[in-house]
file entry.txt (compact mmCIF, C-alpha atoms)
# COMPACT_ATOMS: atom_id res chain seq x y z
CA MET T 1 0.00 0.00 0.00
CA VAL T 2 2.63 2.55 1.00
CA ASP T 3 5.23 1.20 -1.42
CA ARG T 4 5.22 4.23 -3.66
CA LEU T 5 5.74 6.55 -0.71
CA LEU T 6 8.61 4.47 0.70
CA ARG T 7 10.21 4.36 -2.74
CA ASN T 8 9.85 8.13 -2.96
CA ILE T 9 11.57 8.49 0.42
CA THR T 10 14.29 5.88 0.04
CA GLU T 11 15.34 7.32 -3.31
CA ARG T 12 16.44 10.35 -1.27
CA VAL T 13 17.48 9.00 2.14
CA GLU T 14 18.54 5.55 3.33
CA LEU T 15 16.16 3.97 5.83
CA SER T 16 16.63 0.70 7.70
CA ARG T 17 13.82 -1.90 7.56
CA TYR T 18 12.82 -0.84 11.06
CA GLU T 19 12.70 2.84 10.12
CA GLN T 20 10.63 2.02 7.05
CA GLU T 21 8.09 0.13 9.17
CA LEU T 22 8.05 2.92 11.74
CA CYS T 23 7.64 5.55 9.05
CA LYS T 24 4.54 3.83 7.66
CA THR T 25 2.77 4.08 11.02
CA TYR T 26 2.57 7.89 10.80
CA PHE T 27 0.43 7.90 7.68
CA THR T 28 -3.28 7.23 7.34
CA HIS T 29 -4.91 6.02 4.18
CA LYS T 30 -7.75 7.93 2.55
CA ARG T 31 -9.76 7.10 -0.54
CA ILE T 32 -11.35 10.08 -2.24
CA ARG T 33 -13.82 9.96 -5.09
CA LYS T 34 -13.69 12.11 -8.22
CA LYS T 35 -15.11 15.62 -7.63
CA HIS T 36 -14.93 15.23 -3.85
CA TYR T 37 -12.99 17.71 -1.73
CA LEU T 38 -9.94 17.09 0.43
CA LEU T 39 -9.91 20.75 1.54
CA GLN T 40 -12.31 23.65 1.13
CA GLN T 41 -11.66 27.35 1.44
CA GLY T 42 -12.28 28.50 5.05
CA GLU T 43 -11.10 25.21 6.59
CA VAL T 44 -7.69 24.60 8.13
CA CYS T 45 -5.44 22.29 6.08
CA LYS T 46 -4.84 19.44 8.55
CA HIS T 47 -2.76 17.14 6.33
CA MET T 48 -0.09 16.90 3.73
CA ALA T 49 -1.34 14.38 1.18
CA PHE T 50 0.83 12.00 -0.82
CA VAL T 51 -0.87 10.70 -3.97
CA GLN T 52 -0.61 6.89 -4.22
CA LYS T 53 -2.99 6.76 -7.15
CA GLY T 54 -5.12 9.32 -8.93
CA LEU T 55 -5.02 13.03 -9.64
CA LEU T 56 -5.91 16.11 -7.61
CA ARG T 57 -5.72 19.85 -8.05
CA SER T 58 -5.61 22.86 -5.74
CA TYR T 59 -7.25 26.14 -6.75
CA ILE T 60 -8.16 29.52 -5.38
CA VAL T 61 -11.11 31.74 -6.21
CA ASN T 62 -10.38 35.43 -6.90
CA GLU T 63 -12.37 38.46 -5.78
CA LYS T 64 -14.55 38.28 -8.87
CA GLY T 65 -15.33 34.58 -8.43
CA GLY T 66 -12.83 33.32 -11.06
CA GLU T 67 -10.93 30.08 -10.40
CA HIS T 68 -7.14 29.86 -10.63
CA ILE T 69 -5.52 26.46 -10.48
CA ILE T 70 -2.37 26.51 -8.36
CA GLN T 71 -1.17 22.93 -8.67
CA PHE T 72 -1.98 19.50 -9.99
CA ALA T 73 -0.79 16.36 -8.20
CA LEU T 74 -0.30 12.99 -9.86
CA GLU T 75 0.90 9.66 -8.43
CA GLY T 76 4.05 10.24 -6.37
CA TRP T 77 3.39 13.95 -5.77
CA TRP T 78 2.43 15.75 -2.59
CA ILE T 79 -0.42 18.25 -2.29
CA SER T 80 -1.59 20.56 0.53
CA ASP T 81 -1.89 24.19 1.47
CA LEU T 82 1.45 24.31 3.24
CA TYR T 83 0.80 27.78 4.66
CA SER T 84 -2.39 26.72 6.39
CA PHE T 85 -0.89 23.35 7.39
CA LEU T 86 2.09 24.96 9.11
CA THR T 87 0.43 28.03 10.64
CA GLY T 88 -2.99 26.56 11.51
CA GLU T 89 -4.68 29.53 9.81
CA VAL T 90 -7.71 28.95 7.59
CA SER T 91 -6.97 28.20 3.97
CA ASN T 92 -7.82 30.13 0.80
CA TYR T 93 -7.38 26.89 -1.10
CA ASN T 94 -9.70 24.25 -2.42
CA ILE T 95 -8.28 20.80 -3.13
CA ASP T 96 -10.43 18.31 -5.02
CA ALA T 97 -9.96 15.04 -6.86
CA LEU T 98 -10.06 14.99 -10.67
CA GLU T 99 -10.01 11.17 -10.60
CA ASN T 100 -10.84 8.60 -7.92
CA SER T 101 -7.71 8.75 -5.78
CA ASP T 102 -5.81 6.94 -3.02
CA LEU T 103 -3.96 9.19 -0.61
CA LEU T 104 -1.60 8.84 2.32
CA LEU T 105 -2.17 11.62 4.84
CA LEU T 106 0.36 13.04 7.29
CA SER T 107 -0.92 15.30 10.09
CA ARG T 108 1.19 18.00 11.74
CA THR T 109 1.48 16.01 15.00
CA ALA T 110 2.41 12.85 13.11
CA GLU T 111 4.99 14.80 11.09
CA GLU T 112 6.64 16.19 14.23
CA GLU T 113 6.70 12.86 15.99
CA MET T 114 8.03 11.12 12.90
CA LEU T 115 10.84 13.68 12.57
CA SER T 116 11.81 13.32 16.21
CA ARG T 117 11.90 9.51 15.90
CA ILE T 118 13.57 9.43 12.46
CA PRO T 119 15.63 12.62 12.18
CA LYS T 120 17.01 11.45 8.80
CA LEU T 121 13.63 12.39 7.35
CA GLU T 122 14.52 16.05 7.90
CA ARG T 123 16.66 15.59 4.81
CA TYR T 124 13.81 14.03 2.83
CA LEU T 125 11.51 16.89 3.79
CA ARG T 126 14.19 19.46 2.99
CA LEU T 127 14.59 18.01 -0.51
CA LEU T 128 10.81 17.86 -0.90
CA MET T 129 10.44 21.52 0.13
CA GLN T 130 13.35 22.46 -2.11
CA ASN T 131 11.75 20.80 -5.12
CA SER T 132 8.36 22.30 -4.33
CA TYR T 133 9.99 25.72 -4.05
CA ILE T 134 11.71 25.32 -7.39
CA ALA T 135 8.50 24.16 -9.05
CA MET T 136 6.66 27.19 -7.65
CA GLN T 137 9.54 29.50 -8.66
CA LYS T 138 9.47 28.14 -12.22
CA ARG T 139 5.69 28.47 -12.30
CA MET T 140 5.92 32.12 -11.15
CA GLU T 141 8.69 32.79 -13.66
CA ARG T 142 6.73 31.31 -16.56
CA THR T 143 3.60 33.23 -15.52
CA LEU T 144 5.52 36.51 -15.61
CA ARG T 145 7.89 35.87 -18.45
CA LEU T 146 6.42 33.79 -21.25
CA SER T 147 3.85 34.33 -23.98
CA ALA T 148 0.69 32.18 -23.85
CA GLU T 149 2.06 29.83 -26.53
CA LYS T 150 5.40 29.29 -24.78
CA LYS T 151 3.56 28.75 -21.47
CA TYR T 152 1.57 25.94 -23.05
CA VAL T 153 4.53 24.35 -24.86
CA THR T 154 6.64 24.38 -21.67
CA PHE T 155 3.78 22.88 -19.68
CA ALA T 156 3.22 20.15 -22.28
CA ASP T 157 6.96 19.31 -22.35
CA THR T 158 7.28 19.28 -18.57
CA TYR T 159 4.07 17.41 -17.73
CA PRO T 160 3.06 15.16 -20.67
CA GLU T 161 1.01 12.98 -18.30
CA LEU T 162 -1.12 15.95 -17.22
CA ILE T 163 -1.86 16.85 -20.84
CA LYS T 164 -3.39 13.38 -21.22
CA ARG T 165 -5.41 13.36 -18.01
CA VAL T 166 -6.48 16.94 -17.24
CA PRO T 167 -9.41 18.62 -19.07
CA GLN T 168 -8.37 21.48 -21.41
CA HIS T 169 -10.17 24.23 -19.54
CA MET T 170 -8.28 23.37 -16.35
CA ILE T 171 -4.95 23.54 -18.14
CA ALA T 172 -6.02 26.98 -19.40
CA SER T 173 -6.88 28.02 -15.83
CA TYR T 174 -3.49 26.80 -14.60
CA LEU T 175 -1.70 28.74 -17.34
CA GLY T 176 -3.77 31.87 -16.72
CA ILE T 177 -5.16 32.01 -20.27
CA THR T 178 -8.70 31.61 -21.62
CA PRO T 179 -9.88 28.22 -22.94
CA GLU T 180 -10.37 29.93 -26.34
CA THR T 181 -6.75 31.09 -26.44
CA LEU T 182 -5.57 27.60 -25.46
CA SER T 183 -7.67 26.02 -28.17
CA ARG T 184 -6.28 28.48 -30.78
CA ILE T 185 -2.70 27.74 -29.64
CA ARG T 186 -3.23 23.96 -29.85
CA LYS T 187 -4.62 24.33 -33.36
CA GLN T 188 -1.66 26.45 -34.49
CA LEU T 189 0.78 23.97 -32.96
CA SER T 190 -0.82 20.99 -34.68
CA LEU T 191 -0.67 22.91 -37.97
CA LYS T 192 3.04 23.60 -37.34
CA GLU T 193 3.64 19.93 -36.56
CA GLY T 194 1.85 19.08 -39.80
CA GLY T 195 4.23 21.49 -41.57
CA VAL T 196 7.25 19.76 -40.13
CA ASP T 197 5.97 16.40 -41.32
CA LEU T 198 5.51 17.71 -44.83
CA ASP T 199 9.03 19.13 -44.86
CA GLN T 200 10.61 15.79 -43.99
CA MET E 1 30.53 39.47 11.40
CA VAL E 2 28.48 36.29 11.06
CA ASP E 3 26.44 37.01 14.19
CA ARG E 4 23.19 37.67 12.36
CA LEU E 5 23.51 34.40 10.43
CA LEU E 6 24.27 32.37 13.55
CA ARG E 7 21.33 34.00 15.32
CA ASN E 8 19.15 33.14 12.34
CA ILE E 9 20.29 29.50 12.54
CA THR E 10 20.26 29.04 16.31
CA GLU E 11 16.74 30.40 16.56
CA ARG E 12 15.75 27.26 14.63
CA VAL E 13 18.26 24.58 15.66
CA GLU E 14 20.53 24.23 18.68
CA LEU E 15 24.24 24.30 17.84
CA SER E 16 27.16 23.74 20.22
CA ARG E 17 29.97 26.35 20.35
CA TYR E 18 32.10 24.02 18.26
CA GLU E 19 29.37 23.55 15.64
CA GLN E 20 28.84 27.31 15.48
CA GLU E 21 32.56 27.87 14.83
CA LEU E 22 32.62 25.08 12.27
CA CYS E 23 29.52 26.44 10.55
CA LYS E 24 31.14 29.85 10.08
CA THR E 25 34.01 28.36 8.13
CA TYR E 26 31.74 27.37 5.23
CA PHE E 27 30.75 30.93 4.42
CA THR E 28 32.69 33.59 2.57
CA HIS E 29 32.14 37.28 3.01
CA LYS E 30 31.32 39.53 0.05
CA ARG E 31 30.77 43.25 -0.02
CA ILE E 32 28.69 44.46 -2.96
CA ARG E 33 28.11 48.09 -3.92
CA LYS E 34 24.75 49.58 -4.85
CA LYS E 35 23.74 48.83 -8.47
CA HIS E 36 26.35 46.07 -8.78
CA TYR E 37 25.33 42.54 -9.75
CA LEU E 38 25.63 39.35 -7.73
CA LEU E 39 24.20 37.31 -10.63
CA GLN E 40 23.39 38.08 -14.24
CA GLN E 41 21.09 36.22 -16.63
CA GLY E 42 23.06 33.56 -18.54
CA GLU E 43 25.43 32.81 -15.64
CA VAL E 44 25.14 29.86 -13.26
CA CYS E 45 24.10 30.82 -9.73
CA LYS E 46 27.07 29.60 -7.69
CA HIS E 47 25.97 30.74 -4.23
CA MET E 48 23.13 31.16 -1.84
CA ALA E 49 23.58 34.61 -0.31
CA PHE E 50 22.61 35.59 3.23
CA VAL E 51 22.14 39.34 3.67
CA GLN E 52 24.07 40.63 6.69
CA LYS E 53 23.42 44.25 5.82
CA GLY E 54 21.78 45.98 2.87
CA LEU E 55 19.10 45.22 0.35
CA LEU E 56 19.05 43.25 -2.91
CA ARG E 57 16.48 42.20 -5.45
CA SER E 58 16.15 39.44 -8.04
CA TYR E 59 14.36 40.06 -11.33
CA ILE E 60 13.70 38.46 -14.68
CA VAL E 61 13.28 40.08 -18.08
CA ASN E 62 10.31 38.95 -20.19
CA GLU E 63 10.23 38.29 -23.93
CA LYS E 64 9.38 41.92 -24.62
CA GLY E 65 12.23 43.27 -22.49
CA GLY E 66 10.05 44.17 -19.48
CA GLU E 67 11.45 43.62 -15.97
CA HIS E 68 9.60 41.63 -13.31
CA ILE E 69 10.91 41.69 -9.78
CA ILE E 70 10.74 38.25 -8.15
CA GLN E 71 12.06 38.94 -4.68
CA PHE E 72 13.61 41.54 -2.41
CA ALA E 73 16.05 40.55 0.34
CA LEU E 74 16.69 42.59 3.46
CA GLU E 75 18.99 41.92 6.43
CA GLY E 76 18.48 38.36 7.66
CA TRP E 77 17.01 37.08 4.35
CA TRP E 78 18.50 34.71 1.82
CA ILE E 79 18.59 35.34 -1.91
CA SER E 80 19.64 33.20 -4.91
CA ASP E 81 18.26 31.48 -7.96
CA LEU E 82 17.71 28.17 -6.24
CA TYR E 83 16.92 26.36 -9.48
CA SER E 84 20.22 27.32 -11.08
CA PHE E 85 22.12 26.80 -7.79
CA LEU E 86 20.85 23.24 -7.40
CA THR E 87 20.86 22.09 -11.01
CA GLY E 88 23.92 23.95 -12.31
CA GLU E 89 21.90 25.22 -15.27
CA VAL E 90 22.26 28.84 -16.39
CA SER E 91 19.99 31.31 -14.69
CA ASN E 92 17.21 33.51 -16.07
CA TYR E 93 17.66 35.74 -13.03
CA ASN E 94 19.47 38.95 -12.34
CA ILE E 95 20.34 39.77 -8.73
CA ASP E 96 21.61 43.26 -7.94
CA ALA E 97 22.11 45.42 -4.87
CA LEU E 98 19.70 48.28 -4.18
CA GLU E 99 21.97 49.47 -1.33
CA ASN E 100 25.62 48.83 -0.47
CA SER E 101 25.41 45.36 1.04
CA ASP E 102 27.35 42.81 3.08
CA LEU E 103 26.70 39.20 2.18
CA LEU E 104 27.68 35.75 3.39
CA LEU E 105 27.96 33.31 0.52
CA LEU E 106 27.50 29.55 0.64
CA SER E 107 28.61 27.49 -2.37
CA ARG E 108 27.10 24.13 -3.33
CA THR E 109 30.22 22.22 -2.26
CA ALA E 110 30.41 24.11 1.02
CA GLU E 111 26.71 23.43 1.63
CA GLU E 112 27.13 19.69 1.08
CA GLU E 113 30.21 19.45 3.26
CA MET E 114 28.56 21.53 5.97
CA LEU E 115 25.49 19.26 5.96
CA SER E 116 27.59 16.12 6.17
CA ARG E 117 29.58 17.55 9.11
CA ILE E 118 26.60 19.15 10.90
CA PRO E 119 23.51 17.08 9.93
CA LYS E 120 21.35 19.16 12.30
CA LEU E 121 21.51 21.89 9.69
CA GLU E 122 19.27 19.76 7.45
CA ARG E 123 16.52 20.93 9.76
CA TYR E 124 17.52 24.59 9.43
CA LEU E 125 17.58 24.29 5.65
CA ARG E 126 14.27 22.45 5.64
CA LEU E 127 12.65 25.27 7.63
CA LEU E 128 14.31 27.83 5.35
CA MET E 129 13.01 26.09 2.22
CA GLN E 130 9.60 25.71 3.82
CA ASN E 131 9.39 29.43 4.60
CA SER E 132 10.66 30.35 1.13
CA TYR E 133 8.06 28.06 -0.40
CA ILE E 134 5.27 29.63 1.65
CA ALA E 135 6.44 33.15 0.73
CA MET E 136 6.44 32.19 -2.96
CA GLN E 137 3.04 30.48 -2.61
CA LYS E 138 1.57 33.59 -0.97
CA ARG E 139 3.15 35.78 -3.68
CA MET E 140 1.65 33.60 -6.42
CA GLU E 141 -1.72 33.57 -4.65
CA ARG E 142 -1.79 37.37 -4.30
CA THR E 143 -0.74 37.80 -7.93
CA LEU E 144 -3.65 35.65 -9.10
CA ARG E 145 -6.27 36.58 -6.55
CA LEU E 146 -6.17 40.19 -5.44
CA SER E 147 -7.01 43.54 -7.00
CA ALA E 148 -4.14 46.01 -7.49
CA GLU E 149 -5.16 47.96 -4.37
CA LYS E 150 -5.32 44.89 -2.13
CA LYS E 151 -1.96 43.70 -3.53
CA TYR E 152 -0.37 46.97 -2.44
CA VAL E 153 -2.06 47.09 0.97
CA THR E 154 -1.02 43.48 1.72
CA PHE E 155 2.55 44.19 0.61
CA ALA E 156 2.73 47.34 2.76
CA ASP E 157 1.35 45.47 5.80
CA THR E 158 3.66 42.49 5.31
CA TYR E 159 6.87 44.37 4.47
CA PRO E 160 6.77 47.88 6.03
CA GLU E 161 10.59 48.04 5.88
CA LEU E 162 10.57 47.53 2.10
CA ILE E 163 8.04 50.35 1.65
CA LYS E 164 10.59 52.67 3.29
CA ARG E 165 13.65 51.50 1.39
CA VAL E 166 12.57 50.36 -2.08
CA PRO E 167 11.82 52.91 -4.89
CA GLN E 168 8.13 53.08 -5.87
CA HIS E 169 8.60 51.87 -9.44
CA MET E 170 10.25 48.68 -8.17
CA ILE E 171 7.37 47.97 -5.81
CA ALA E 172 5.05 48.40 -8.81
CA SER E 173 7.20 45.93 -10.80
CA TYR E 174 7.07 43.41 -7.92
CA LEU E 175 3.28 43.74 -7.70
CA GLY E 176 2.85 43.47 -11.46
CA ILE E 177 1.14 46.85 -11.82
CA THR E 178 2.21 50.06 -13.57
CA PRO E 179 3.90 52.85 -11.57
CA GLU E 180 0.94 55.10 -12.52
CA THR E 181 -1.57 52.65 -11.01
CA LEU E 182 0.53 52.38 -7.86
CA SER E 183 0.72 56.15 -7.54
CA ARG E 184 -3.07 56.44 -7.96
CA ILE E 185 -3.64 53.74 -5.32
CA ARG E 186 -1.31 55.47 -2.83
CA LYS E 187 -3.14 58.76 -3.37
CA GLN E 188 -6.55 57.14 -2.80
CA LEU E 189 -5.29 55.39 0.32
CA SER E 190 -3.88 58.61 1.79
CA LEU E 191 -7.21 60.35 1.07
CA LYS E 192 -9.03 57.50 2.85
CA GLU E 193 -6.69 57.84 5.83
CA GLY E 194 -7.35 61.61 5.82
CA GLY E 195 -11.09 60.83 5.80
CA VAL E 196 -10.74 58.61 8.83
CA ASP E 197 -8.94 61.39 10.69
CA LEU E 198 -11.71 63.89 9.91
CA ASP E 199 -14.36 61.42 11.14
CA GLN E 200 -12.73 61.07 14.55

call {"tool": "encode", "arguments": {"input": "entry.txt", "output": "structure tokens"}}
result
Amino acid sequence: MVDRLLRNITERVELSRYEQELCKTYFTHKRIRKKHYLLQQGEVCKHMAFVQKGLLRSYIVNEKGGEHIIQFALEGWWISDLYSFLTGEVSNYNIDALENSDLLLLSRTAEEEMLSRIPKLERYLRLLMQNSYIAMQKRMERTLRLSAEKKYVTFADTYPELIKRVPQHMIASYLGITPETLSRIRKQLSLKEGGVDLDQ
Amino acid sequence: MVDRLLRNITERVELSRYEQELCKTYFTHKRIRKKHYLLQQGEVCKHMAFVQKGLLRSYIVNEKGGEHIIQFALEGWWISDLYSFLTGEVSNYNIDALENSDLLLLSRTAEEEMLSRIPKLERYLRLLMQNSYIAMQKRMERTLRLSAEKKYVTFADTYPELIKRVPQHMIASYLGITPETLSRIRKQLSLKEGGVDLDQ
């Protein structure tokens, strides 16, 4: 059940058999059905969630009621509102499942106890935070820096699996462009690809 | 010289006298004059920089040549392009000094050696990454979610010191609004404050 999580951890830090068994005990399993919520705006984010199977997204709603997708999370990724999780303040985030999903949840108390019993996991969590930071930095950078077309191409190159599994209008929301613009870009790109084929 | 850094670390993890002395040896001191660059686009980011004194900013240039400020860094803050630092790829960032500044630099090799000698610092770096992630998450969230006025008010509440020390047009660039919009917002806010005074 927790094999994917342990693989994810032991790729980064070495754990003895005993530590692996101990580590498992801090997580609880949760099954969540498509369209159901793990977190809703106004609640406190009580868990970091590791995706064993499935697909989730987090999004915020702006002052005019528009949705902005912050993050997707596939198998092997973590998802939460880290700010709310760490501070205990209520969240501006919504997290829901785009597919039926299996999660492993880690509460704040469990996290602290786990770190005090297995201090090596500080390193795992540091690397996890580091990677999350970089992903967010790159996301911010692309939002500010790239044209709509380059945003889409970079997204498609970086996350081919998401292109297959996430509905178009959600990818548009993530990229901060309208579904119409995304559809125009995809059409132009497929024409270009056609062009390349003809040239060969 | 490294007092502020050691304070910053020992507020988060306990270090013995020996570990504190050892820790110092991994940092090099750099003085940088106002308007000079610590990192320019196209270079690899070789260091994480801790600001002992002064003020720096990081920014990127978009496809049309426009500047977007990513981060400011005051005394006690870290600044770098973490992506470039960790991967060794060239950076899209520029980092320059807005005031004459004193920095403590940590290279990748020094970081690794320091962590292997003082594993407790994994925890410090995890907390640092965690806080950086949250700051970036909040920045992203405000960018997507708030009106120009609320963006400014939140920035002013969160970073009063930056309001005093950073030129207006750079605050506008950080918030993703034009200097004219920012100036209009500041005028409206000062009128509102005046109104409150008259009502009392």

call {"tool": "atom_distance", "arguments": {"input": "entry.txt", "atom1": "atom CA of E:His169", "atom2": "atom CA of T:Met140"}}
result
20.0 Å

call {"tool": "closest_residue", "arguments": {"input": "entry.txt", "among": "E:Val153, E:Leu191, E:Ile69, E:Leu105", "to": "chain T", "atoms": "all atoms listed in the file"}}
result
E:Ile69

call {"tool": "residues_around", "arguments": {"input": "entry.txt", "residues": "T:Lys151", "least_positions_apart": "6", "cutoff": "9 Å", "atoms": "all atoms listed in the file", "output": "PyMOL selection string"}}
result
chain T and resi 142-143+145+175

call {"tool": "residues_near_point", "arguments": {"input": "entry.txt", "point": "(-3.1, 31.8, -18.6)", "cutoff": "12 Å", "atoms": "all atoms listed in the file", "output": "tab-separated table (two decimals) with C-alpha atoms, in the coordinates of the input"}}
result
chain	number	residue	atom	x	y	z
T	67	GLU	CA	-10.93	30.08	-10.40
T	68	HIS	CA	-7.14	29.86	-10.63
T	69	ILE	CA	-5.52	26.46	-10.48
T	70	ILE	CA	-2.37	26.51	-8.36
T	139	ARG	CA	5.69	28.47	-12.30
T	140	MET	CA	5.92	32.12	-11.15
T	142	ARG	CA	6.73	31.31	-16.56
T	143	THR	CA	3.60	33.23	-15.52
T	144	LEU	CA	5.52	36.51	-15.61
T	145	ARG	CA	7.89	35.87	-18.45
T	146	LEU	CA	6.42	33.79	-21.25
T	147	SER	CA	3.85	34.33	-23.98
T	148	ALA	CA	0.69	32.18	-23.85
T	149	GLU	CA	2.06	29.83	-26.53
T	150	LYS	CA	5.40	29.29	-24.78
T	151	LYS	CA	3.56	28.75	-21.47
T	152	TYR	CA	1.57	25.94	-23.05
T	155	PHE	CA	3.78	22.88	-19.68
T	168	GLN	CA	-8.37	21.48	-21.41
T	169	HIS	CA	-10.17	24.23	-19.54
T	170	MET	CA	-8.28	23.37	-16.35
T	171	ILE	CA	-4.95	23.54	-18.14
T	172	ALA	CA	-6.02	26.98	-19.40
T	173	SER	CA	-6.88	28.02	-15.83
T	174	TYR	CA	-3.49	26.80	-14.60
T	175	LEU	CA	-1.70	28.74	-17.34
T	176	GLY	CA	-3.77	31.87	-16.72
T	177	ILE	CA	-5.16	32.01	-20.27
T	178	THR	CA	-8.70	31.61	-21.62
T	179	PRO	CA	-9.88	28.22	-22.94
T	180	GLU	CA	-10.37	29.93	-26.34
T	181	THR	CA	-6.75	31.09	-26.44
T	182	LEU	CA	-5.57	27.60	-25.46
T	185	ILE	CA	-2.70	27.74	-29.64
E	144	LEU	CA	-3.65	35.65	-9.10

call {"tool": "atom_distance", "arguments": {"input": "entry.txt", "atom1": "atom CA of E:Ala110", "atom2": "atom CA of E:Asp81"}}
result
16.8 Å

call {"tool": "residues_around", "arguments": {"input": "entry.txt", "residues": "E:Ser107", "least_positions_apart": "2", "cutoff": "9 Å", "atoms": "all atoms listed in the file", "output": "PyMOL selection string"}}
result
chain E and resi 26-28+46-49+85+105+109-112

call {"tool": "closest_atom_pairs", "arguments": {"input": "entry.txt", "of": "chain E", "to": "chain T", "cutoff": "8 Å", "atoms": "only C-alpha atoms", "output": "tab-separated table"}}
result
residue	atom	partner	partner_atom	distance
E:Ile60	CA	T:Arg145	CA	7.4
E:Val61	CA	T:Arg145	CA	6.8
E:Asn62	CA	T:Arg145	CA	4.3
E:Glu63	CA	T:Arg145	CA	6.4
E:His68	CA	T:Leu144	CA	6.9
E:Leu82	CA	T:Ile134	CA	6.7
E:Tyr83	CA	T:Ile134	CA	5.7
E:Glu122	CA	T:Arg123	CA	5.6
E:Arg123	CA	T:Glu122	CA	5.6
E:Leu125	CA	T:Arg126	CA	6.5
E:Arg126	CA	T:Arg126	CA	4.0
E:Leu127	CA	T:Arg126	CA	7.6
E:Met129	CA	T:Met129	CA	5.6
E:Gln130	CA	T:Met129	CA	5.6
E:Ser132	CA	T:Tyr133	CA	7.0
E:Tyr133	CA	T:Tyr133	CA	4.7
E:Ile134	CA	T:Tyr83	CA	5.7
E:Met136	CA	T:Met136	CA	6.9
E:Gln137	CA	T:Met136	CA	7.0
E:Met140	CA	T:Met140	CA	6.5
E:Glu141	CA	T:Ile60	CA	7.6
E:Leu144	CA	T:His68	CA	6.9
E:Arg145	CA	T:Asn62	CA	4.3
E:Leu146	CA	T:Glu63	CA	6.4
E:Ser147	CA	T:Glu63	CA	7.5

call {"tool": "write_last_selection", "arguments": {"input": "entry.txt", "atoms": "C-alpha atoms", "output": "PDB file, in the coordinates of the input"}}
result
ATOM      1  CA  ILE E  60      13.700  38.460 -14.680  1.00  0.00           C
ATOM      2  CA  VAL E  61      13.280  40.080 -18.080  1.00  0.00           C
ATOM      3  CA  ASN E  62      10.310  38.950 -20.190  1.00  0.00           C
ATOM      4  CA  GLU E  63      10.230  38.290 -23.930  1.00  0.00           C
ATOM      5  CA  HIS E  68       9.600  41.630 -13.310  1.00  0.00           C
ATOM      6  CA  LEU E  82      17.710  28.170  -6.240  1.00  0.00           C
ATOM      7  CA  TYR E  83      16.920  26.360  -9.480  1.00  0.00           C
ATOM      8  CA  GLU E 122      19.270  19.760   7.450  1.00  0.00           C
ATOM      9  CA  ARG E 123      16.520  20.930   9.760  1.00  0.00           C
ATOM     10  CA  LEU E 125      17.580  24.290   5.650  1.00  0.00           C
ATOM     11  CA  ARG E 126      14.270  22.450   5.640  1.00  0.00           C
ATOM     12  CA  LEU E 127      12.650  25.270   7.630  1.00  0.00           C
ATOM     13  CA  MET E 129      13.010  26.090   2.220  1.00  0.00           C
ATOM     14  CA  GLN E 130       9.600  25.710   3.820  1.00  0.00           C
ATOM     15  CA  SER E 132      10.660  30.350   1.130  1.00  0.00           C
ATOM     16  CA  TYR E 133       8.060  28.060  -0.400  1.00  0.00           C
ATOM     17  CA  ILE E 134       5.270  29.630   1.650  1.00  0.00           C
ATOM     18  CA  MET E 136       6.440  32.190  -2.960  1.00  0.00           C
ATOM     19  CA  GLN E 137       3.040  30.480  -2.610  1.00  0.00           C
ATOM     20  CA  MET E 140       1.650  33.600  -6.420  1.00  0.00           C
ATOM     21  CA  GLU E 141      -1.720  33.570  -4.650  1.00  0.00           C
ATOM     22  CA  LEU E 144      -3.650  35.650  -9.100  1.00  0.00           C
ATOM     23  CA  ARG E 145      -6.270  36.580  -6.550  1.00  0.00           C
ATOM     24  CA  LEU E 146      -6.170  40.190  -5.440  1.00  0.00           C
ATOM     25  CA  SER E 147      -7.010  43.540  -7.000  1.00  0.00           C
TER      26      SER E 147
END

call {"tool": "atom_distance", "arguments": {"input": "entry.txt", "atom1": "atom CA of T:Phe50", "atom2": "atom CA of T:Leu5"}}
result
7.3 Å

call {"tool": "build_atoms", "arguments": {"input": "entry.txt", "residues": "stretch 134-141 of chain T", "atoms": "N, CA and C atoms", "output": "compact mmCIF listing (two decimals), in the coordinates of the input"}}
result
# COMPACT_ATOMS: atom_id res chain seq x y z
N ILE T 134 11.24 25.14 -6.02
CA ILE T 134 11.71 25.32 -7.39
C ILE T 134 10.55 25.24 -8.38
N ALA T 135 9.65 24.29 -8.16
CA ALA T 135 8.50 24.16 -9.05
C ALA T 135 7.66 25.44 -9.01
N MET T 136 7.45 25.97 -7.79
CA MET T 136 6.66 27.19 -7.65
C MET T 136 7.40 28.38 -8.28
N GLN T 137 8.72 28.42 -8.08
CA GLN T 137 9.54 29.50 -8.66
C GLN T 137 9.43 29.48 -10.19
N LYS T 138 9.55 28.29 -10.76
CA LYS T 138 9.47 28.14 -12.22
C LYS T 138 8.08 28.53 -12.70
N ARG T 139 7.07 28.14 -11.92
CA ARG T 139 5.69 28.47 -12.30
C ARG T 139 5.51 29.99 -12.32
N MET T 140 5.99 30.66 -11.28
CA MET T 140 5.92 32.12 -11.15
C MET T 140 6.65 32.77 -12.33
N GLU T 141 7.83 32.24 -12.61
CA GLU T 141 8.69 32.79 -13.66
C GLU T 141 8.00 32.68 -15.02
